[in-house]
Amino acid sequence: FRQNGLTFKKKVYNLPVDEVIRKYKTEKMSADSIAEQYGCTQIVVCRILKQHGIETNTDRDYKDTLADENFFEFIDSESAAYLLGLIAADGCVRVNKNNGYYLSLSLIDEELIRQAAEILGWKGTISYRPPHTKMFNGKPYKCKASWRITIGSKKLVNDIINHGVGIDKSEKLHLPALDEKLMKHFIRGFFDGDGCVTFCDPDSNTGKMYKHWITGYPFMTIIGLESILLEMQQVLVAACGVSVTKLVREKRVKKMAMYTLNYNGVNAIAIRNFM
């Protein structure tokens, strides 16, 4: 085709139509996830579905905003602070070339994504992506099943950006200006998105893990950008009395400078009680 006097070769995708329809209707995968599997765009998948009389989530969910657009206007509740932290860790906001504003939140915890959707007043689709393998740093990496909501709303997205969780959050991210009483809920949301706890018996050399806060020895880790982790550490030092520790560079992530904030033992327990 021609555009602005130049000739472009249109790329042709030969997708297995029956498989695309099955993944969308039976496996409840989103058009975005299907497109990623086949190395094409969401538009290509939606076109196939429409040609076979299947209404897409994009058509259905974005005609009207099916959520509370004013939810993040003021972060004045525990749930708003928690969800802002969860989005800062595992969500994203974007503006596409057609000036569409979208919030996406993808989690491996189905119960948590459904709770988040309910709090946001989301009445649209929760899409499912089954376990799959993707290349990470040149090596195959097994990804767990995940669930996602995508909300189209300029008001909602702009409010989130105004609280410091922007489109460039993978490059720049700081703690939002919240009431002191709400900061722990933001940190808890961030931890639920990008944190983990493992347990072991400190008196055992077997390496056996114990998932118990009383008899086990906890190791707590939060991953993120250096900027927000340093600010988060300042809050934890003041609120929990934990010591200042050195952030550790996350070597597995090569595309951006990511770090981990690590605490164990009584320090980890103090942070858990704080959150």
# chains A, B, ... in the order shown; residues from 1 in each chain; ligands from 1
>>> residues_around(residues="segment 218-231 of chain A", least_positions_apart="4", cutoff="6 Å", atoms="only C-alpha atoms", output="JSON, numbers by chain")
{"A": [173, 174, 175, 194, 195, 196, 197, 198, 199, 258, 259, 260, 261, 262, 263, 264, 265, 268]}
>>> closest_residue(among="A:Leu86, A:Leu247, A:Ala177, A:Met232", to="Asn162 of chain A", atoms="only C-alpha atoms")
A:Ala177
>>> closest_residue(among="A:Ile271, A:Leu107, A:Ala67, A:Val244", to="Gly121 of chain A", atoms="only C-alpha atoms")
A:Ala67
>>> select_by_dssp(residues="segment 152-256 of chain A", states="strand (DSSP E)", output="list in words")
Gly152, Gly195, Cys196, Val197, Thr198, Phe199, Cys200, Tyr217, Pro218, Phe219, Met220, Thr221, Ile222, Ile223, Gly224, Leu225, Val248 and Arg249 of chain A
>>> write_last_selection(atoms="N, CA and C atoms", output="PDB file, in the first residue's frame")
ATOM      1  N   GLY A 152     -10.441   1.108  29.973  1.00  0.00           N
ATOM      2  CA  GLY A 152     -10.233   2.293  29.162  1.00  0.00           C
ATOM      3  C   GLY A 152     -10.884   3.508  29.800  1.00  0.00           C
ATOM      4  N   GLY A 195       6.794  -8.595  45.522  1.00  0.00           N
ATOM      5  CA  GLY A 195       7.534  -9.070  46.683  1.00  0.00           C
ATOM      6  C   GLY A 195       7.291 -10.547  46.922  1.00  0.00           C
ATOM      7  N   CYS A 196       8.105 -11.130  47.778  1.00  0.00           N
ATOM      8  CA  CYS A 196       7.897 -12.540  48.126  1.00  0.00           C
ATOM      9  C   CYS A 196       8.538 -12.824  49.479  1.00  0.00           C
ATOM     10  N   VAL A 197       8.104 -13.916  50.092  1.00  0.00           N
ATOM     11  CA  VAL A 197       8.672 -14.378  51.359  1.00  0.00           C
ATOM     12  C   VAL A 197       8.948 -15.865  51.233  1.00  0.00           C
ATOM     13  N   THR A 198      10.132 -16.281  51.619  1.00  0.00           N
ATOM     14  CA  THR A 198      10.458 -17.710  51.711  1.00  0.00           C
ATOM     15  C   THR A 198      10.829 -18.003  53.158  1.00  0.00           C
ATOM     16  N   PHE A 199      10.712 -19.263  53.542  1.00  0.00           N
ATOM     17  CA  PHE A 199      10.951 -19.648  54.930  1.00  0.00           C
ATOM     18  C   PHE A 199      11.890 -20.850  54.981  1.00  0.00           C
ATOM     19  N   CYS A 200      12.748 -20.877  55.981  1.00  0.00           N
ATOM     20  CA  CYS A 200      13.584 -22.058  56.189  1.00  0.00           C
ATOM     21  C   CYS A 200      13.830 -22.241  57.674  1.00  0.00           C
ATOM     22  N   TYR A 217      11.998 -19.475  59.472  1.00  0.00           N
ATOM     23  CA  TYR A 217      12.856 -18.285  59.464  1.00  0.00           C
ATOM     24  C   TYR A 217      12.590 -17.551  58.156  1.00  0.00           C
ATOM     25  N   PRO A 218      11.941 -16.377  58.211  1.00  0.00           N
ATOM     26  CA  PRO A 218      11.492 -15.710  56.982  1.00  0.00           C
ATOM     27  C   PRO A 218      12.581 -14.892  56.285  1.00  0.00           C
ATOM     28  N   PHE A 219      12.573 -14.959  54.956  1.00  0.00           N
ATOM     29  CA  PHE A 219      13.401 -14.116  54.102  1.00  0.00           C
ATOM     30  C   PHE A 219      12.456 -13.320  53.206  1.00  0.00           C
ATOM     31  N   MET A 220      12.467 -12.008  53.343  1.00  0.00           N
ATOM     32  CA  MET A 220      11.546 -11.139  52.602  1.00  0.00           C
ATOM     33  C   MET A 220      12.307 -10.360  51.539  1.00  0.00           C
ATOM     34  N   THR A 221      11.747 -10.322  50.324  1.00  0.00           N
ATOM     35  CA  THR A 221      12.381  -9.619  49.209  1.00  0.00           C
ATOM     36  C   THR A 221      11.349  -8.782  48.467  1.00  0.00           C
ATOM     37  N   ILE A 222      11.715  -7.556  48.135  1.00  0.00           N
ATOM     38  CA  ILE A 222      10.895  -6.692  47.286  1.00  0.00           C
ATOM     39  C   ILE A 222      11.777  -6.241  46.131  1.00  0.00           C
ATOM     40  N   ILE A 223      11.284  -6.381  44.911  1.00  0.00           N
ATOM     41  CA  ILE A 223      12.047  -5.989  43.725  1.00  0.00           C
ATOM     42  C   ILE A 223      11.464  -4.724  43.129  1.00  0.00           C
ATOM     43  N   GLY A 224      12.323  -3.844  42.622  1.00  0.00           N
ATOM     44  CA  GLY A 224      11.835  -2.609  42.008  1.00  0.00           C
ATOM     45  C   GLY A 224      12.976  -1.701  41.603  1.00  0.00           C
ATOM     46  N   LEU A 225      12.634  -0.504  41.181  1.00  0.00           N
ATOM     47  CA  LEU A 225      13.646   0.493  40.837  1.00  0.00           C
ATOM     48  C   LEU A 225      14.336   0.981  42.108  1.00  0.00           C
ATOM     49  N   VAL A 248      20.417  -4.803  46.444  1.00  0.00           N
ATOM     50  CA  VAL A 248      21.171  -5.753  45.626  1.00  0.00           C
ATOM     51  C   VAL A 248      20.691  -5.657  44.183  1.00  0.00           C
ATOM     52  N   ARG A 249      21.598  -5.503  43.264  1.00  0.00           N
ATOM     53  CA  ARG A 249      21.244  -5.420  41.845  1.00  0.00           C
ATOM     54  C   ARG A 249      20.693  -6.761  41.380  1.00  0.00           C
TER      55      ARG A 249
END
>>> select_by_dssp(residues="segment 4-238 of chain A", states="helix (DSSP H, G or I)", output="JSON, numbers by chain")
{"A": [17, 18, 19, 20, 21, 22, 23, 24, 25, 31, 32, 33, 34, 35, 36, 37, 38, 42, 43, 44, 45, 46, 47, 48, 49, 50, 51, 57, 58, 59, 60, 61, 78, 79, 80, 81, 82, 83, 84, 85, 86, 87, 88, 89, 90, 110, 111, 112, 113, 114, 115, 116, 117, 118, 119, 154, 155, 156, 157, 158, 159, 160, 161, 162, 180, 181, 182, 183, 184, 185, 186, 187, 188, 189, 190, 191, 192, 193, 194, 226, 227, 228, 229, 230, 231, 232, 233, 234, 235, 236, 237, 238]}
>>> residues_around(residues="segment 89-94 of chain A", least_positions_apart="6", cutoff="9 Å", atoms="only C-alpha atoms", output="list in words")
Gly100, Tyr101, Tyr102, Leu103, Ser104, Leu105, Ser106, Leu107, Val157, Asn158, Ile160, Ile161, Val165, Gly166, Ile167, Asp168, Lys169, Gly189, Phe190, Phe191, Asp192, Gly193, Asp194, Gly195, Ile223 and Gly224 of chain A
>>> closest_residue(among="A:Ile54, A:Met183, A:Ile113, A:Leu84", to="Gln234 of chain A", atoms="only C-alpha atoms")
A:Met183
>>> atom_distance(atom1="atom CA of Glu78 of chain A", atom2="atom CA of Thr125 of chain A")
25.0 Å
